[in-house]
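Next comes upload_30.csv, with CSV, C-alpha atoms.
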```
chain,number,residue,atom,x,y,z
P,17,MET,CA,0.0,0.0,0.0
P,18,ALA,CA,1.2,3.5,-0.8
P,19,VAL,CA,2.0,5.7,2.1
P,20,LYS,CA,2.0,9.5,1.7
P,21,LYS,CA,4.9,11.2,3.3
P,22,GLN,CA,6.2,14.8,3.4
P,23,PHE,CA,9.9,15.6,2.7
P,24,SER,CA,11.6,18.8,2.2
P,25,SER,CA,13.3,17.5,-0.9
P,26,PHE,CA,13.2,14.5,-3.2
P,27,GLN,CA,16.8,13.8,-2.5
P,28,GLU,CA,16.1,13.7,1.2
P,29,LEU,CA,13.5,11.0,0.6
P,30,LEU,CA,16.0,9.0,-1.4
P,31,ASP,CA,18.8,9.5,1.1
P,32,SER,CA,16.7,8.6,4.1
P,33,SER,CA,15.6,5.2,2.8
P,34,LYS,CA,17.5,2.2,4.0
P,35,ILE,CA,16.0,0.1,1.2
P,36,PRO,CA,15.9,0.7,-2.6
P,37,VAL,CA,13.2,3.2,-3.7
P,38,LEU,CA,11.2,2.5,-6.9
P,39,VAL,CA,9.9,5.8,-8.2
P,40,ASP,CA,6.9,5.8,-10.5
P,41,PHE,CA,6.9,9.0,-12.6
P,42,TYR,CA,3.3,9.4,-13.8
P,43,ALA,CA,0.6,11.9,-14.8
P,44,THR,CA,-3.0,11.9,-13.8
P,45,TRP,CA,-4.1,12.2,-17.5
P,46,CYS,CA,-1.9,9.2,-18.6
P,47,GLY,CA,-4.0,6.0,-19.3
P,48,PRO,CA,-1.0,3.6,-19.0
P,49,CYS,CA,0.0,5.3,-15.8
P,50,GLN,CA,-3.4,4.6,-14.3
P,51,MET,CA,-2.9,0.9,-15.3
P,52,MET,CA,0.3,0.9,-13.3
P,53,SER,CA,-1.3,1.9,-10.0
P,54,PRO,CA,-2.8,-1.5,-9.1
P,55,ILE,CA,0.3,-3.3,-10.4
P,56,LEU,CA,2.6,-1.2,-8.2
P,57,GLU,CA,0.3,-1.9,-5.2
P,58,GLN,CA,0.7,-5.6,-5.7
P,59,VAL,CA,4.5,-5.3,-6.3
P,60,SER,CA,4.8,-3.2,-3.2
P,61,ALA,CA,2.9,-5.8,-1.1
P,62,HIS,CA,5.1,-8.6,-2.4
P,63,LEU,CA,8.4,-6.7,-1.8
P,64,ARG,CA,7.3,-4.6,1.2
P,65,ASP,CA,10.5,-5.2,3.2
P,66,ARG,CA,12.8,-5.0,0.3
P,67,ILE,CA,11.6,-1.9,-1.6
P,68,GLN,CA,9.8,1.4,-1.1
P,69,VAL,CA,7.4,2.6,-3.9
P,70,VAL,CA,7.0,6.3,-4.4
P,71,LYS,CA,4.8,8.1,-7.0
P,72,ILE,CA,5.9,11.4,-8.5
P,73,ASP,CA,3.3,13.4,-10.5
P,74,THR,CA,5.3,14.9,-13.4
P,75,ASP,CA,2.8,17.7,-13.8
P,76,ARG,CA,3.2,18.8,-10.1
P,77,TYR,CA,7.0,18.2,-10.0
P,78,PRO,CA,8.3,19.0,-13.5
P,79,ASN,CA,11.8,19.9,-12.1
P,80,ILE,CA,12.2,16.4,-10.7
P,81,ALA,CA,11.0,14.8,-14.0
P,82,SER,CA,13.4,17.0,-15.9
P,83,GLN,CA,16.3,16.2,-13.6
P,84,TYR,CA,15.9,12.5,-14.5
P,85,SER,CA,15.1,13.0,-18.2
P,86,ILE,CA,11.6,11.6,-18.0
P,87,GLN,CA,10.4,11.5,-21.7
P,88,ALA,CA,7.8,8.7,-21.6
P,89,LEU,CA,5.1,7.9,-19.1
P,90,PRO,CA,5.0,5.8,-17.0
P,91,THR,CA,8.7,5.6,-16.2
P,92,LEU,CA,9.9,3.7,-13.2
P,93,ILE,CA,13.4,4.4,-11.8
P,94,LEU,CA,14.9,2.2,-9.1
P,95,PHE,CA,17.2,4.2,-6.8
P,96,LYS,CA,19.8,2.5,-4.7
P,97,ASN,CA,21.7,4.5,-2.1
P,98,GLY,CA,20.1,7.6,-3.4
P,99,GLN,CA,21.3,7.1,-7.0
P,100,PRO,CA,19.4,5.9,-10.1
P,101,ALA,CA,20.3,2.3,-10.7
P,102,GLU,CA,17.6,0.9,-13.1
P,103,ARG,CA,15.0,2.4,-15.4
P,104,ILE,CA,11.8,0.9,-16.9
P,105,GLU,CA,9.6,2.7,-19.4
P,106,GLY,CA,6.0,1.6,-20.1
P,107,VAL,CA,3.7,-0.8,-18.4
P,108,LEU,CA,4.9,-4.2,-17.1
P,109,GLN,CA,2.5,-6.8,-15.6
P,110,VAL,CA,3.0,-7.9,-12.0
P,111,PRO,CA,4.9,-11.2,-12.7
P,112,GLU,CA,7.4,-9.5,-15.1
P,113,LEU,CA,8.0,-6.5,-12.8
P,114,LEU,CA,8.4,-8.7,-9.7
P,115,GLN,CA,10.9,-11.0,-11.6
P,116,TYR,CA,12.9,-8.0,-12.8
P,117,LEU,CA,13.0,-6.2,-9.5
P,118,SER,CA,13.9,-9.4,-7.6
P,119,SER,CA,16.9,-9.8,-9.8
P,120,VAL,CA,18.2,-6.2,-9.3
P,121,ILE,CA,17.5,-5.4,-5.6
```

Show the structure stored in the file as structure tokens.
Amino acid sequence: MAVKKQFSSFQELLDSSKIPVLVDFYATWCGPCQMMSPILEQVSAHLRDRIQVVKIDTDRYPNIASQYSIQALPTLILFKNGQPAERIEGVLQVPELLQYLSSVI
């Protein structure tokens, strides 16, 4: 389940996490992004002790999206130790995303 948290900066969020952070860059108007929400809920439940899932609305935070060169939506970036480590563009189903993430975290 997604948890809403407040941070003074995106980098603070990344730096404060003891586990890898999977960031979902999305937009409310994006159909494929809406398809990813239940998929990410399931992935988060399966990997709850191994990964933290965070959603970033690219319309509300364009500077963050620009900083990480977000061109397509949805884009998932896995951050390890506060740094981008893996990048996935487009929709993946739960089994594929779980298999991929399990191999890289």

Considering all atoms listed in the file, return as a VMD selection string whatever protein or nucleic-acid residues lie within 12 Å of stretch 96-102 of chain P, sequence-local ones (same chain, fewer than 2 positions apart) excluded. chain P and resid 26 to 39 66 to 68 83 to 85 91 to 94 104 to 105 116 to 117 119 to 121

Could you jot down the atom CA of P:Gln109 to atom CA of P:Ala43 separation for me, Å, one decimal place?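 We find that atom CA of P:Gln109 and atom CA of P:Ala43 lie 18.8 Å from each other.
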
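Between atom CA of P:Gln87 and atom CA of P:Cys46 the interatomic distance comes to 12.9 Å.
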
Judged by all atoms listed in the file, the minimum distance to P:Leu89 among P:Ser24, P:Ser118, P:Pro48, P:Leu108 is found for P:Pro48

Could you tell me which of P:Ala81, P:Val69, P:Val59, P:Met52 comes closest to P:Gly106 if we count only C-alpha atoms? P:Met52
